[in-house]
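Engineer: Data file target14.txt (compact mmCIF, N, CA and C atoms) is appended below.
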# COMPACT_ATOMS: atom_id res chain seq x y z
N MET F 4 60.21 49.30 -26.60
CA MET F 4 58.78 49.34 -26.86
C MET F 4 58.06 48.52 -25.79
N ALA F 5 57.03 49.09 -25.23
CA ALA F 5 56.28 48.42 -24.17
C ALA F 5 55.35 47.37 -24.78
N LEU F 6 55.23 46.27 -24.10
CA LEU F 6 54.34 45.19 -24.53
C LEU F 6 52.95 45.41 -23.96
N ALA F 7 51.99 44.71 -24.55
CA ALA F 7 50.62 44.82 -24.06
C ALA F 7 50.57 44.45 -22.59
N GLY F 8 49.90 45.24 -21.81
CA GLY F 8 49.78 44.99 -20.38
C GLY F 8 50.81 45.74 -19.56
N GLU F 9 51.86 46.26 -20.20
CA GLU F 9 52.86 47.03 -19.48
C GLU F 9 52.39 48.47 -19.36
N PRO F 10 52.92 49.24 -18.41
CA PRO F 10 52.42 50.59 -18.14
C PRO F 10 52.46 51.56 -19.32
N GLY F 11 53.49 51.55 -20.15
CA GLY F 11 53.61 52.54 -21.21
C GLY F 11 52.94 52.16 -22.51
N HIS F 12 52.33 50.99 -22.59
CA HIS F 12 51.76 50.49 -23.83
C HIS F 12 50.61 51.36 -24.33
N GLU F 13 49.66 51.68 -23.49
CA GLU F 13 48.51 52.49 -23.90
C GLU F 13 48.93 53.88 -24.34
N HIS F 14 49.90 54.46 -23.65
CA HIS F 14 50.38 55.80 -24.00
C HIS F 14 51.00 55.80 -25.39
N GLN F 15 51.80 54.79 -25.69
CA GLN F 15 52.42 54.69 -27.01
C GLN F 15 51.37 54.47 -28.09
N ARG F 16 50.36 53.70 -27.77
CA ARG F 16 49.29 53.45 -28.75
C ARG F 16 48.56 54.73 -29.09
N TRP F 17 48.24 55.55 -28.07
CA TRP F 17 47.55 56.82 -28.32
C TRP F 17 48.45 57.79 -29.08
N ASP F 18 49.75 57.77 -28.79
CA ASP F 18 50.68 58.63 -29.53
C ASP F 18 50.71 58.25 -31.01
N ARG F 19 50.76 56.96 -31.29
CA ARG F 19 50.77 56.52 -32.69
C ARG F 19 49.46 56.88 -33.38
N LEU F 20 48.35 56.72 -32.68
CA LEU F 20 47.05 57.06 -33.25
C LEU F 20 46.96 58.56 -33.52
N ARG F 21 47.43 59.38 -32.58
CA ARG F 21 47.40 60.83 -32.77
C ARG F 21 48.28 61.24 -33.94
N ASP F 22 49.48 60.67 -34.02
CA ASP F 22 50.38 61.01 -35.12
C ASP F 22 49.80 60.60 -36.47
N ALA F 23 49.14 59.45 -36.53
CA ALA F 23 48.51 59.00 -37.77
C ALA F 23 47.35 59.92 -38.16
N ALA F 24 46.59 60.37 -37.18
CA ALA F 24 45.48 61.27 -37.48
C ALA F 24 45.97 62.61 -37.99
N ILE F 25 47.04 63.12 -37.39
CA ILE F 25 47.60 64.40 -37.85
C ILE F 25 48.17 64.26 -39.26
N GLU F 26 48.85 63.16 -39.52
CA GLU F 26 49.39 62.93 -40.86
C GLU F 26 48.26 62.83 -41.89
N ALA F 27 47.20 62.12 -41.54
CA ALA F 27 46.06 62.01 -42.45
C ALA F 27 45.39 63.36 -42.66
N GLU F 28 45.35 64.18 -41.63
CA GLU F 28 44.74 65.50 -41.77
C GLU F 28 45.56 66.37 -42.72
N PHE F 29 46.88 66.28 -42.63
CA PHE F 29 47.73 67.03 -43.57
C PHE F 29 47.49 66.56 -45.00
N GLU F 30 47.28 65.26 -45.19
CA GLU F 30 47.08 64.73 -46.53
C GLU F 30 45.70 65.06 -47.09
N THR F 31 44.67 65.03 -46.23
CA THR F 31 43.31 65.23 -46.72
C THR F 31 42.74 66.59 -46.38
N GLY F 32 43.35 67.31 -45.46
CA GLY F 32 42.84 68.61 -45.05
C GLY F 32 43.06 69.66 -46.13
N ARG F 33 42.52 70.84 -45.90
CA ARG F 33 42.60 71.87 -46.92
C ARG F 33 43.54 73.01 -46.54
N ARG F 34 43.52 73.44 -45.28
CA ARG F 34 44.26 74.65 -44.94
C ARG F 34 45.15 74.49 -43.72
N GLU F 35 45.59 73.30 -43.42
CA GLU F 35 46.41 73.11 -42.23
C GLU F 35 47.88 73.32 -42.58
N ASP F 36 48.49 74.32 -41.93
CA ASP F 36 49.91 74.60 -42.16
C ASP F 36 50.79 74.16 -41.00
N SER F 37 50.18 73.91 -39.86
CA SER F 37 50.96 73.51 -38.69
C SER F 37 50.27 72.35 -37.97
N VAL F 38 50.99 71.77 -37.04
CA VAL F 38 50.43 70.65 -36.27
C VAL F 38 49.25 71.12 -35.43
N GLU F 39 49.32 72.34 -34.88
CA GLU F 39 48.23 72.86 -34.06
C GLU F 39 46.96 73.03 -34.90
N GLU F 40 47.10 73.53 -36.13
CA GLU F 40 45.95 73.68 -37.00
C GLU F 40 45.37 72.32 -37.39
N ALA F 41 46.23 71.35 -37.60
CA ALA F 41 45.77 69.99 -37.93
C ALA F 41 45.02 69.38 -36.75
N ARG F 42 45.52 69.59 -35.53
CA ARG F 42 44.81 69.09 -34.34
C ARG F 42 43.44 69.74 -34.20
N ALA F 43 43.37 71.04 -34.44
CA ALA F 43 42.08 71.74 -34.36
C ALA F 43 41.13 71.20 -35.42
N ALA F 44 41.63 70.93 -36.61
CA ALA F 44 40.79 70.40 -37.68
C ALA F 44 40.29 69.00 -37.33
N ILE F 45 41.12 68.22 -36.66
CA ILE F 45 40.70 66.88 -36.24
C ILE F 45 39.56 66.99 -35.23
N HIS F 46 39.68 67.91 -34.28
CA HIS F 46 38.63 68.08 -33.27
C HIS F 46 37.32 68.53 -33.93
N ILE F 47 37.41 69.43 -34.88
CA ILE F 47 36.22 69.89 -35.59
C ILE F 47 35.60 68.75 -36.38
N ARG F 48 36.43 67.96 -37.03
CA ARG F 48 35.93 66.83 -37.82
C ARG F 48 35.24 65.80 -36.92
N VAL F 49 35.83 65.50 -35.78
CA VAL F 49 35.22 64.54 -34.84
C VAL F 49 33.89 65.08 -34.32
N ALA F 50 33.84 66.36 -33.99
CA ALA F 50 32.59 66.96 -33.51
C ALA F 50 31.52 66.92 -34.60
N ARG F 51 31.91 67.24 -35.82
CA ARG F 51 30.97 67.23 -36.94
C ARG F 51 30.43 65.82 -37.18
N MET F 52 31.30 64.83 -37.11
CA MET F 52 30.87 63.45 -37.31
C MET F 52 29.97 62.97 -36.17
N THR F 53 30.24 63.44 -34.96
CA THR F 53 29.40 63.07 -33.82
C THR F 53 28.01 63.66 -33.97
N VAL F 54 27.93 64.93 -34.30
CA VAL F 54 26.63 65.59 -34.47
C VAL F 54 25.86 64.94 -35.62
N GLY F 55 26.54 64.67 -36.73
CA GLY F 55 25.88 64.02 -37.86
C GLY F 55 25.36 62.64 -37.51
N SER F 56 26.14 61.89 -36.75
CA SER F 56 25.72 60.54 -36.36
C SER F 56 24.51 60.59 -35.43
N VAL F 57 24.52 61.54 -34.49
CA VAL F 57 23.38 61.68 -33.57
C VAL F 57 22.12 62.06 -34.34
N LEU F 58 22.24 62.99 -35.28
CA LEU F 58 21.09 63.37 -36.10
C LEU F 58 20.59 62.19 -36.92
N LEU F 59 21.51 61.42 -37.46
CA LEU F 59 21.13 60.27 -38.28
C LEU F 59 20.39 59.23 -37.46
N VAL F 60 20.89 58.92 -36.28
CA VAL F 60 20.23 57.94 -35.40
C VAL F 60 18.87 58.48 -34.94
N ALA F 61 18.81 59.75 -34.60
CA ALA F 61 17.53 60.35 -34.18
C ALA F 61 16.52 60.30 -35.33
N GLY F 62 16.98 60.55 -36.54
CA GLY F 62 16.09 60.49 -37.70
C GLY F 62 15.55 59.10 -37.94
N VAL F 63 16.41 58.10 -37.79
CA VAL F 63 15.95 56.71 -37.95
C VAL F 63 14.92 56.38 -36.87
N CYS F 64 15.16 56.84 -35.65
CA CYS F 64 14.18 56.61 -34.58
C CYS F 64 12.86 57.32 -34.90
N MET F 65 12.95 58.50 -35.48
CA MET F 65 11.73 59.27 -35.78
C MET F 65 10.94 58.70 -36.95
N LEU F 66 11.49 57.71 -37.65
CA LEU F 66 10.69 57.07 -38.69
C LEU F 66 9.53 56.28 -38.08
N VAL F 67 9.74 55.76 -36.88
CA VAL F 67 8.67 55.02 -36.21
C VAL F 67 8.06 55.82 -35.05
N LEU F 68 8.77 56.81 -34.56
CA LEU F 68 8.27 57.69 -33.51
C LEU F 68 7.80 58.99 -34.15
N PRO F 69 7.05 59.80 -33.43
CA PRO F 69 6.62 61.07 -34.01
C PRO F 69 7.81 62.00 -34.24
N GLY F 70 7.79 62.66 -35.37
CA GLY F 70 8.83 63.62 -35.67
C GLY F 70 9.22 63.58 -37.13
N PRO F 71 9.99 64.54 -37.56
CA PRO F 71 10.41 64.64 -38.96
C PRO F 71 11.58 63.70 -39.26
N GLY F 72 11.32 62.41 -39.39
CA GLY F 72 12.37 61.41 -39.55
C GLY F 72 13.24 61.63 -40.77
N TRP F 73 12.62 61.74 -41.95
CA TRP F 73 13.41 61.89 -43.17
C TRP F 73 14.18 63.20 -43.18
N LEU F 74 13.59 64.23 -42.58
CA LEU F 74 14.27 65.52 -42.52
C LEU F 74 15.50 65.44 -41.61
N ALA F 75 15.38 64.76 -40.48
CA ALA F 75 16.53 64.59 -39.58
C ALA F 75 17.60 63.70 -40.21
N ILE F 76 17.18 62.67 -40.92
CA ILE F 76 18.14 61.81 -41.62
C ILE F 76 18.89 62.63 -42.66
N ALA F 77 18.17 63.46 -43.41
CA ALA F 77 18.82 64.31 -44.41
C ALA F 77 19.79 65.28 -43.75
N GLY F 78 19.40 65.84 -42.62
CA GLY F 78 20.30 66.75 -41.90
C GLY F 78 21.55 66.05 -41.41
N GLY F 79 21.40 64.86 -40.85
CA GLY F 79 22.55 64.09 -40.38
C GLY F 79 23.48 63.71 -41.52
N LEU F 80 22.90 63.28 -42.64
CA LEU F 80 23.73 62.93 -43.79
C LEU F 80 24.42 64.15 -44.39
N ALA F 81 23.74 65.29 -44.36
CA ALA F 81 24.36 66.52 -44.88
C ALA F 81 25.57 66.91 -44.04
N VAL F 82 25.47 66.74 -42.74
CA VAL F 82 26.61 67.05 -41.86
C VAL F 82 27.73 66.03 -42.09
N LEU F 83 27.37 64.74 -42.19
CA LEU F 83 28.38 63.70 -42.40
C LEU F 83 29.01 63.76 -43.78
N ALA F 84 28.29 64.29 -44.77
CA ALA F 84 28.79 64.31 -46.15
C ALA F 84 30.06 65.15 -46.29
N LYS F 85 30.31 66.04 -45.35
CA LYS F 85 31.55 66.84 -45.41
C LYS F 85 32.78 65.97 -45.20
N ASP F 86 32.62 64.84 -44.50
CA ASP F 86 33.77 64.01 -44.14
C ASP F 86 33.71 62.59 -44.68
N VAL F 87 32.53 62.10 -45.03
CA VAL F 87 32.38 60.71 -45.40
C VAL F 87 31.72 60.61 -46.78
N ALA F 88 32.33 59.87 -47.68
CA ALA F 88 31.84 59.79 -49.06
C ALA F 88 30.49 59.07 -49.15
N TRP F 89 30.28 58.02 -48.37
CA TRP F 89 29.02 57.28 -48.48
C TRP F 89 27.83 58.12 -48.07
N ALA F 90 28.05 59.08 -47.17
CA ALA F 90 26.94 59.92 -46.70
C ALA F 90 26.42 60.81 -47.82
N GLU F 91 27.32 61.26 -48.67
CA GLU F 91 26.90 62.11 -49.80
C GLU F 91 26.03 61.32 -50.77
N ARG F 92 26.40 60.07 -51.04
CA ARG F 92 25.60 59.22 -51.93
C ARG F 92 24.25 58.90 -51.30
N ALA F 93 24.24 58.62 -50.02
CA ALA F 93 22.98 58.32 -49.33
C ALA F 93 22.09 59.55 -49.25
N LEU F 94 22.69 60.73 -49.12
CA LEU F 94 21.92 61.97 -49.05
C LEU F 94 21.12 62.19 -50.34
N GLU F 95 21.69 61.86 -51.46
CA GLU F 95 20.97 62.01 -52.73
C GLU F 95 19.73 61.12 -52.76
N ARG F 96 19.84 59.91 -52.23
CA ARG F 96 18.67 59.01 -52.19
C ARG F 96 17.61 59.52 -51.23
N VAL F 97 18.03 60.08 -50.10
CA VAL F 97 17.08 60.60 -49.11
C VAL F 97 16.39 61.84 -49.65
N ARG F 98 17.11 62.67 -50.36
CA ARG F 98 16.51 63.90 -50.91
C ARG F 98 15.36 63.59 -51.85
N ARG F 99 15.42 62.45 -52.54
CA ARG F 99 14.32 62.07 -53.44
C ARG F 99 13.05 61.74 -52.65
N ARG F 100 13.18 61.36 -51.37
CA ARG F 100 12.02 61.01 -50.54
C ARG F 100 11.41 62.23 -49.85
N LEU F 101 12.14 63.32 -49.76
CA LEU F 101 11.63 64.51 -49.07
C LEU F 101 10.64 65.25 -49.97
N PRO F 102 9.60 65.83 -49.37
CA PRO F 102 8.70 66.65 -50.18
C PRO F 102 9.44 67.92 -50.60
N ALA F 103 9.65 68.09 -51.90
CA ALA F 103 10.48 69.20 -52.37
C ALA F 103 9.73 70.04 -53.42
N ASP F 104 10.23 71.25 -53.61
CA ASP F 104 9.71 72.14 -54.65
C ASP F 104 10.27 71.72 -56.00
N GLU F 105 9.94 72.48 -57.03
CA GLU F 105 10.42 72.18 -58.37
C GLU F 105 11.95 72.22 -58.46
N ASP F 106 12.58 73.11 -57.70
CA ASP F 106 14.04 73.25 -57.76
C ASP F 106 14.77 72.24 -56.88
N GLY F 107 14.03 71.37 -56.18
CA GLY F 107 14.64 70.33 -55.37
C GLY F 107 14.87 70.69 -53.92
N SER F 108 14.53 71.91 -53.53
CA SER F 108 14.73 72.31 -52.13
C SER F 108 13.46 72.04 -51.32
N VAL F 109 13.64 71.80 -50.05
CA VAL F 109 12.51 71.57 -49.16
C VAL F 109 11.97 72.93 -48.74
N SER F 110 10.67 73.09 -48.86
CA SER F 110 10.08 74.39 -48.56
C SER F 110 10.10 74.67 -47.06
N THR F 111 10.16 75.93 -46.72
CA THR F 111 10.21 76.36 -45.33
C THR F 111 8.97 75.92 -44.55
N PRO F 112 7.75 76.03 -45.11
CA PRO F 112 6.58 75.57 -44.34
C PRO F 112 6.65 74.07 -43.98
N VAL F 113 7.21 73.25 -44.84
CA VAL F 113 7.33 71.83 -44.54
C VAL F 113 8.28 71.62 -43.36
N ILE F 114 9.39 72.34 -43.36
CA ILE F 114 10.37 72.22 -42.27
C ILE F 114 9.76 72.70 -40.96
N VAL F 115 9.12 73.87 -40.99
CA VAL F 115 8.53 74.44 -39.77
C VAL F 115 7.43 73.54 -39.24
N LEU F 116 6.56 73.05 -40.11
CA LEU F 116 5.47 72.18 -39.67
C LEU F 116 6.02 70.88 -39.09
N SER F 117 7.05 70.31 -39.70
CA SER F 117 7.64 69.07 -39.18
C SER F 117 8.23 69.27 -37.80
N VAL F 118 8.93 70.37 -37.61
CA VAL F 118 9.53 70.64 -36.30
C VAL F 118 8.44 70.90 -35.26
N LEU F 119 7.40 71.63 -35.63
CA LEU F 119 6.31 71.89 -34.69
C LEU F 119 5.58 70.60 -34.30
N VAL F 120 5.36 69.71 -35.26
CA VAL F 120 4.71 68.43 -34.94
C VAL F 120 5.59 67.62 -34.00
N ALA F 121 6.90 67.61 -34.25
CA ALA F 121 7.81 66.86 -33.38
C ALA F 121 7.81 67.44 -31.97
N LEU F 122 7.90 68.77 -31.85
CA LEU F 122 7.87 69.40 -30.53
C LEU F 122 6.54 69.17 -29.82
N GLY F 123 5.46 69.22 -30.56
CA GLY F 123 4.15 68.96 -29.97
C GLY F 123 4.05 67.52 -29.46
N ALA F 124 4.55 66.57 -30.23
CA ALA F 124 4.49 65.17 -29.82
C ALA F 124 5.36 64.92 -28.59
N VAL F 125 6.53 65.53 -28.55
CA VAL F 125 7.41 65.37 -27.38
C VAL F 125 6.77 66.02 -26.16
N SER F 126 6.20 67.21 -26.32
CA SER F 126 5.54 67.90 -25.21
C SER F 126 4.36 67.09 -24.69
N LEU F 127 3.57 66.56 -25.59
CA LEU F 127 2.43 65.75 -25.18
C LEU F 127 2.89 64.49 -24.45
N SER F 128 3.95 63.87 -24.92
CA SER F 128 4.48 62.67 -24.26
C SER F 128 4.98 62.99 -22.86
N ILE F 129 5.69 64.11 -22.71
CA ILE F 129 6.19 64.51 -21.39
C ILE F 129 5.01 64.79 -20.46
N TRP F 130 4.02 65.51 -20.95
CA TRP F 130 2.85 65.80 -20.13
C TRP F 130 2.15 64.52 -19.72
N TRP F 131 1.98 63.60 -20.66
CA TRP F 131 1.24 62.37 -20.42
C TRP F 131 1.91 61.50 -19.36
N TYR F 132 3.23 61.37 -19.44
CA TYR F 132 3.93 60.45 -18.53
C TYR F 132 4.43 61.09 -17.24
N LEU F 133 4.70 62.37 -17.25
CA LEU F 133 5.29 62.99 -16.06
C LEU F 133 4.36 63.93 -15.31
N LEU F 134 3.60 64.70 -16.01
CA LEU F 134 2.85 65.78 -15.35
C LEU F 134 1.38 65.47 -15.15
N ARG F 135 0.88 64.44 -15.71
CA ARG F 135 -0.54 64.12 -15.66
C ARG F 135 -0.95 63.74 -14.28
Please render this file's structure as structure tokens.
Structural biologist:
Amino acid sequence: MALAGEPGHEHQRWDRLRDAAIEAEFETGRREDSVEEARAAIHIRVARMTVGSVLLVAGVCMLVLPGPGWLAIAGGLAVLAKDVAWAERALERVRRRLPADEDGSVSTPVIVLSVLVALGAVSLSIWWYLLR
């Protein structure tokens, strides 16, 4: 076994990490029958968590900047809720803050108007600082 600082140490560490991730995917995954399918599921899970995290951070930024902050936070938490238990609990709290219909869903005009306001604010900012 290579010691820290030796040439093969990092390679062994990544191998152990990969093997642990594949084993965890077999235990928690739904339809993985082979190592290749487990690897693909890991890549999908990492991509989903990355997109959810970016949406969540963008939503938090949009709480003080122009844009649909709570809607982006809800979107980020919805994406993260597939893989992380705390995101599902937080999503329920955020849904109570969103303007919703009687059935609890956000109406299409609210979503469209929020996106249009965000795009308008970004366009105006770009025009103001770059093109003026």
Engineer: What is the atom C of F:Val60-atom C of F:Ala81 distance in Å, reported with one decimal?
Structural biologist: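 It comes out at 14.1 Å.
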Engineer: So that I can check the surroundings of stretch 86-102 of chain F, please list as a count of residues only every protein, DNA and RNA residue that reaches within 8 Å of it, counting only N, CA and C atoms and ignoring chain neighbours fewer than 2 positions away.
Structural biologist: 21
Engineer: Quick one: of F:Val63, F:Leu127, F:Ala24, F:Leu58, who's nearest to F:Ile45, counting only C-alpha atoms?
Structural biologist: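 Once distances to F:Ile45 are computed over only C-alpha atoms, the minimum belongs to F:Ala24.
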Engineer: For atom CA of F:Arg42 and atom CA of F:Asp18, quote the distance in Å rounded to one decimal.
Structural biologist: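 Computing it gives 12.9 Å between the two atoms.
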Engineer: What does the distance between atom CA of F:Gly72 and atom CA of F:His46 come to in Å, to one decimal place?
Structural biologist: 27.8 Å
Engineer: Emit as AutoDock Vina command-line options the padded axis-aligned box for all listed atoms of stretch 73-83 of chain F, 3 Å per side, with centre and edge lengths in Å to one decimal.
Structural biologist:
--center_x 20.8 --center_y 64.4 --center_z -42.2 --size_x 22.4 --size_y 11.3 --size_z 11.3
Engineer: Check stretch 13-124 of chain F with DSSP on the backbone and list each residue it calls alpha helix (DSSP H), as a ChimeraX atom specification.
Structural biologist: /F:13-31,38-65,72-83,88-100,111-124
